[in-house]
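Before any comments, here is the structure.
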Amino acid sequence: MKKNKLLEMAQTFAVEMIGVAKDLKCLGERNIADQIERSGTSISANIAEANHPQSRLDMISKFEIALKEANETENWLIVSHDAGLIEEGLFSNLHKQLIQIKILLISSIRTLKETK
């Protein structure tokens, strides 16, 4: 079975987002926790769907949705960090992972759009 680096990275990130959401809920931040968990786990779900597309355009669309979810997750991470809800070390690690995922998504989208 061929490994999919992007999907594996996104799934690992999703698991970590579930943990962050759990911690935020313990702090009484249920609204932020729900937002960051939904967007953070949606990235891998959309990448998984893109791996079994109905068409090339469907694959592009799923990757673009995953990128939008990654951007939303980045926003919630920054807001949570700036509000003192996520410690610096954890934030830095998660933000680096997310940037790598975004880079791979952007590259995949560009490649798919350029090849016909």
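If you're wondering about the labels, chains in the structure tokens are A, B, ... by order shown, residues count from 1 in each chain, ligands from 1 in order shown.
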
Can you list every residue of segment 44-89 of chain A that has an atom at most 12 Å from segment 33-40 of chain A, with its nearest atom pair and the distance in Å to one decimal, using only C-alpha atoms, ordered by chain then number, as JSON lines?
{"residue": "A:Ser44", "atom": "CA", "partner": "A:Gly40", "partner_atom": "CA", "distance": 7.9}
{"residue": "A:Ala45", "atom": "CA", "partner": "A:Gly40", "partner_atom": "CA", "distance": 9.6}
{"residue": "A:Asn46", "atom": "CA", "partner": "A:Ser39", "partner_atom": "CA", "distance": 10.6}
{"residue": "A:Ile65", "atom": "CA", "partner": "A:Ser39", "partner_atom": "CA", "distance": 10.3}
{"residue": "A:Ala66", "atom": "CA", "partner": "A:Ser39", "partner_atom": "CA", "distance": 8.9}
{"residue": "A:Leu67", "atom": "CA", "partner": "A:Ser39", "partner_atom": "CA", "distance": 10.2}
{"residue": "A:Lys68", "atom": "CA", "partner": "A:Ser39", "partner_atom": "CA", "distance": 8.8}
{"residue": "A:Glu69", "atom": "CA", "partner": "A:Ser39", "partner_atom": "CA", "distance": 5.1}
{"residue": "A:Ala70", "atom": "CA", "partner": "A:Gly40", "partner_atom": "CA", "distance": 6.8}
{"residue": "A:Asn71", "atom": "CA", "partner": "A:Ser39", "partner_atom": "CA", "distance": 8.8}
{"residue": "A:Glu72", "atom": "CA", "partner": "A:Ser39", "partner_atom": "CA", "distance": 6.5}
{"residue": "A:Thr73", "atom": "CA", "partner": "A:Ser39", "partner_atom": "CA", "distance": 5.5}
{"residue": "A:Glu74", "atom": "CA", "partner": "A:Gly40", "partner_atom": "CA", "distance": 8.7}
{"residue": "A:Asn75", "atom": "CA", "partner": "A:Ile36", "partner_atom": "CA", "distance": 8.9}
{"residue": "A:Trp76", "atom": "CA", "partner": "A:Ile36", "partner_atom": "CA", "distance": 5.9}
{"residue": "A:Leu77", "atom": "CA", "partner": "A:Ile36", "partner_atom": "CA", "distance": 7.4}
{"residue": "A:Ile78", "atom": "CA", "partner": "A:Ile36", "partner_atom": "CA", "distance": 10.7}
{"residue": "A:Val79", "atom": "CA", "partner": "A:Ile36", "partner_atom": "CA", "distance": 10.4}
{"residue": "A:Ser80", "atom": "CA", "partner": "A:Ile36", "partner_atom": "CA", "distance": 9.3}
{"residue": "A:Leu85", "atom": "CA", "partner": "A:Ala33", "partner_atom": "CA", "distance": 10.4}
{"residue": "A:Ile86", "atom": "CA", "partner": "A:Ala33", "partner_atom": "CA", "distance": 11.3}

Put those residues in a file: C-alpha atoms, as an mmCIF file, in the first residue's frame.
data_model
loop_
_atom_site.group_PDB
_atom_site.id
_atom_site.type_symbol
_atom_site.label_atom_id
_atom_site.label_comp_id
_atom_site.auth_asym_id
_atom_site.auth_seq_id
_atom_site.Cartn_x
_atom_site.Cartn_y
_atom_site.Cartn_z
ATOM 1 C CA SER A 44 -7.551 15.169 7.131
ATOM 2 C CA ALA A 45 -11.145 14.215 6.277
ATOM 3 C CA ASN A 46 -11.036 16.315 3.107
ATOM 4 C CA ILE A 65 -11.510 22.853 1.194
ATOM 5 C CA ALA A 66 -8.742 21.226 3.268
ATOM 6 C CA LEU A 67 -6.624 24.362 2.763
ATOM 7 C CA LYS A 68 -9.505 26.587 3.888
ATOM 8 C CA GLU A 69 -9.925 24.433 6.992
ATOM 9 C CA ALA A 70 -6.172 24.669 7.620
ATOM 10 C CA ASN A 71 -6.386 28.466 7.414
ATOM 11 C CA GLU A 72 -9.283 28.493 9.863
ATOM 12 C CA THR A 73 -7.408 26.183 12.225
ATOM 13 C CA GLU A 74 -4.359 28.439 12.027
ATOM 14 C CA ASN A 75 -6.531 31.367 13.050
ATOM 15 C CA TRP A 76 -7.931 29.498 16.065
ATOM 16 C CA LEU A 77 -4.445 28.356 17.095
ATOM 17 C CA ILE A 78 -3.140 31.926 16.987
ATOM 18 C CA VAL A 79 -6.154 33.303 18.856
ATOM 19 C CA SER A 80 -5.888 30.565 21.508
ATOM 20 C CA LEU A 85 -4.873 29.222 26.343
ATOM 21 C CA ILE A 86 -2.113 27.291 24.532
#

Considering only C-alpha atoms, give me a table of residues in segment 4-61 of chain A that are at most 12 Å from segment 91-99 of chain A, with the closest atom pair and distance in Å for each, as JSON lines.
{"residue": "A:Leu6", "atom": "CA", "partner": "A:Gln97", "partner_atom": "CA", "distance": 10.8}
{"residue": "A:Glu8", "atom": "CA", "partner": "A:Gln97", "partner_atom": "CA", "distance": 11.5}
{"residue": "A:Met9", "atom": "CA", "partner": "A:Gln97", "partner_atom": "CA", "distance": 7.7}
{"residue": "A:Ala10", "atom": "CA", "partner": "A:Leu98", "partner_atom": "CA", "distance": 8.2}
{"residue": "A:Gln11", "atom": "CA", "partner": "A:Gln97", "partner_atom": "CA", "distance": 11.1}
{"residue": "A:Thr12", "atom": "CA", "partner": "A:Gln97", "partner_atom": "CA", "distance": 9.3}
{"residue": "A:Phe13", "atom": "CA", "partner": "A:Gln97", "partner_atom": "CA", "distance": 7.1}
{"residue": "A:Ala14", "atom": "CA", "partner": "A:Leu98", "partner_atom": "CA", "distance": 10.2}
{"residue": "A:Val15", "atom": "CA", "partner": "A:Leu94", "partner_atom": "CA", "distance": 11.2}
{"residue": "A:Glu16", "atom": "CA", "partner": "A:Leu94", "partner_atom": "CA", "distance": 8.1}
{"residue": "A:Met17", "atom": "CA", "partner": "A:Leu94", "partner_atom": "CA", "distance": 8.6}
{"residue": "A:Gly19", "atom": "CA", "partner": "A:Leu94", "partner_atom": "CA", "distance": 11.5}
{"residue": "A:Val20", "atom": "CA", "partner": "A:Leu94", "partner_atom": "CA", "distance": 9.9}
{"residue": "A:Ser39", "atom": "CA", "partner": "A:Leu98", "partner_atom": "CA", "distance": 11.8}
{"residue": "A:Gly40", "atom": "CA", "partner": "A:Leu98", "partner_atom": "CA", "distance": 9.3}
{"residue": "A:Thr41", "atom": "CA", "partner": "A:Leu98", "partner_atom": "CA", "distance": 11.8}
{"residue": "A:Ile43", "atom": "CA", "partner": "A:Leu98", "partner_atom": "CA", "distance": 9.9}
{"residue": "A:Ser44", "atom": "CA", "partner": "A:Leu98", "partner_atom": "CA", "distance": 11.4}

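You will find atom CA of Glu64 of chain A at 16.3 Å from atom CA of Thr115 of chain A.
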
One-decimal distance in Å that lies between atom CA of Glu114 of chain A and atom CA of Ser42 of chain A: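 Value for the atom CA of Ser42 of chain A-atom CA of Glu114 of chain A distance: 25.6 Å.
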
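Proximity of A:Ala50, A:Leu27, A:Phe63, A:Ser55 to Leu104 of chain A, computed with only C-alpha atoms, is greatest for A:Phe63.
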
All helix (DSSP H, G or I) positions in chain A, as a ChimeraX atom specification: /A:5-26,30-50,56-82,88-114

Same residues, C-alpha atoms, output as a short mmCIF file (atom, residue, chain, number, x, y, z; two decimals), in the first residue's frame:
data_model
loop_
_atom_site.label_atom_id
_atom_site.label_comp_id
_atom_site.auth_asym_id
_atom_site.auth_seq_id
_atom_site.Cartn_x
_atom_site.Cartn_y
_atom_site.Cartn_z
CA LYS A 5 2.58 11.61 3.48
CA LEU A 6 0.09 14.48 3.37
CA LEU A 7 -2.76 12.35 4.71
CA GLU A 8 -0.57 10.87 7.46
CA MET A 9 0.57 14.34 8.52
CA ALA A 10 -3.01 15.63 8.55
CA GLN A 11 -4.25 12.63 10.55
CA THR A 12 -1.50 13.09 13.14
CA PHE A 13 -2.39 16.77 13.33
CA ALA A 14 -6.10 15.92 13.72
CA VAL A 15 -5.35 13.67 16.70
CA GLU A 16 -3.38 16.49 18.29
CA MET A 17 -6.25 18.92 17.65
CA ILE A 18 -8.60 16.58 19.48
CA GLY A 19 -6.23 16.73 22.45
CA VAL A 20 -6.04 20.53 22.28
CA ALA A 21 -9.84 20.73 22.16
CA LYS A 22 -10.08 18.46 25.18
CA ASP A 23 -7.68 20.72 27.10
CA LEU A 24 -9.58 23.84 26.04
CA LYS A 25 -12.83 22.30 27.25
CA CYS A 26 -11.20 21.67 30.63
CA ARG A 30 -16.00 25.09 24.86
CA ASN A 31 -16.74 27.40 21.90
CA ILE A 32 -13.12 27.73 20.83
CA ALA A 33 -12.56 24.03 21.53
CA ASP A 34 -15.42 23.05 19.24
CA GLN A 35 -14.23 25.36 16.47
CA ILE A 36 -10.60 24.23 16.56
CA GLU A 37 -11.58 20.57 16.76
CA ARG A 38 -13.96 20.79 13.80
CA SER A 39 -11.58 22.69 11.54
CA GLY A 40 -8.48 20.79 12.68
CA THR A 41 -10.00 17.37 12.02
CA SER A 42 -11.71 18.43 8.80
CA ILE A 43 -8.33 18.89 7.12
CA SER A 44 -7.55 15.17 7.13
CA ALA A 45 -11.14 14.22 6.28
CA ASN A 46 -11.04 16.32 3.11
CA ILE A 47 -7.60 15.00 2.14
CA ALA A 48 -8.89 11.45 2.61
CA GLU A 49 -11.84 12.26 0.33
CA ALA A 50 -9.46 13.77 -2.24
CA ARG A 56 -9.63 15.70 -11.04
CA LEU A 57 -11.81 18.75 -10.36
CA ASP A 58 -13.30 16.97 -7.35
CA MET A 59 -9.79 16.27 -6.05
CA ILE A 60 -8.83 19.93 -6.47
CA SER A 61 -12.01 20.99 -4.68
CA LYS A 62 -11.33 18.69 -1.70
CA PHE A 63 -7.75 19.93 -1.41
CA GLU A 64 -8.98 23.54 -1.57
CA ILE A 65 -11.51 22.85 1.19
CA ALA A 66 -8.74 21.23 3.27
CA LEU A 67 -6.62 24.36 2.76
CA LYS A 68 -9.51 26.59 3.89
CA GLU A 69 -9.92 24.43 6.99
CA ALA A 70 -6.17 24.67 7.62
CA ASN A 71 -6.39 28.47 7.41
CA GLU A 72 -9.28 28.49 9.86
CA THR A 73 -7.41 26.18 12.23
CA GLU A 74 -4.36 28.44 12.03
CA ASN A 75 -6.53 31.37 13.05
CA TRP A 76 -7.93 29.50 16.06
CA LEU A 77 -4.45 28.36 17.09
CA ILE A 78 -3.14 31.93 16.99
CA VAL A 79 -6.15 33.30 18.86
CA SER A 80 -5.89 30.57 21.51
CA HIS A 81 -2.16 31.17 21.90
CA ASP A 82 -2.53 34.94 22.09
CA GLU A 88 4.27 28.54 23.51
CA GLY A 89 5.96 25.17 22.96
CA LEU A 90 2.75 23.38 21.97
CA PHE A 91 1.67 26.28 19.78
CA SER A 92 5.02 26.38 18.00
CA ASN A 93 4.96 22.63 17.31
CA LEU A 94 1.38 22.61 16.05
CA HIS A 95 1.89 25.74 13.94
CA LYS A 96 4.95 24.20 12.26
CA GLN A 97 3.00 21.03 11.47
CA LEU A 98 0.14 23.08 10.06
CA ILE A 99 2.45 25.17 7.87
CA GLN A 100 3.94 21.98 6.40
CA ILE A 101 0.46 20.63 5.67
CA LYS A 102 -0.50 23.92 4.01
CA ILE A 103 2.65 23.91 1.89
CA LEU A 104 1.88 20.38 0.64
CA LEU A 105 -1.76 21.27 -0.02
CA ILE A 106 -0.81 24.39 -2.01
CA SER A 107 1.74 22.40 -4.00
CA SER A 108 -0.79 19.65 -4.72
CA ILE A 109 -3.44 22.14 -5.83
CA ARG A 110 -0.99 23.96 -8.12
CA THR A 111 0.21 20.70 -9.67
CA LEU A 112 -3.32 19.48 -10.29
CA LYS A 113 -4.35 22.79 -11.84
CA GLU A 114 -1.29 22.95 -14.10
#
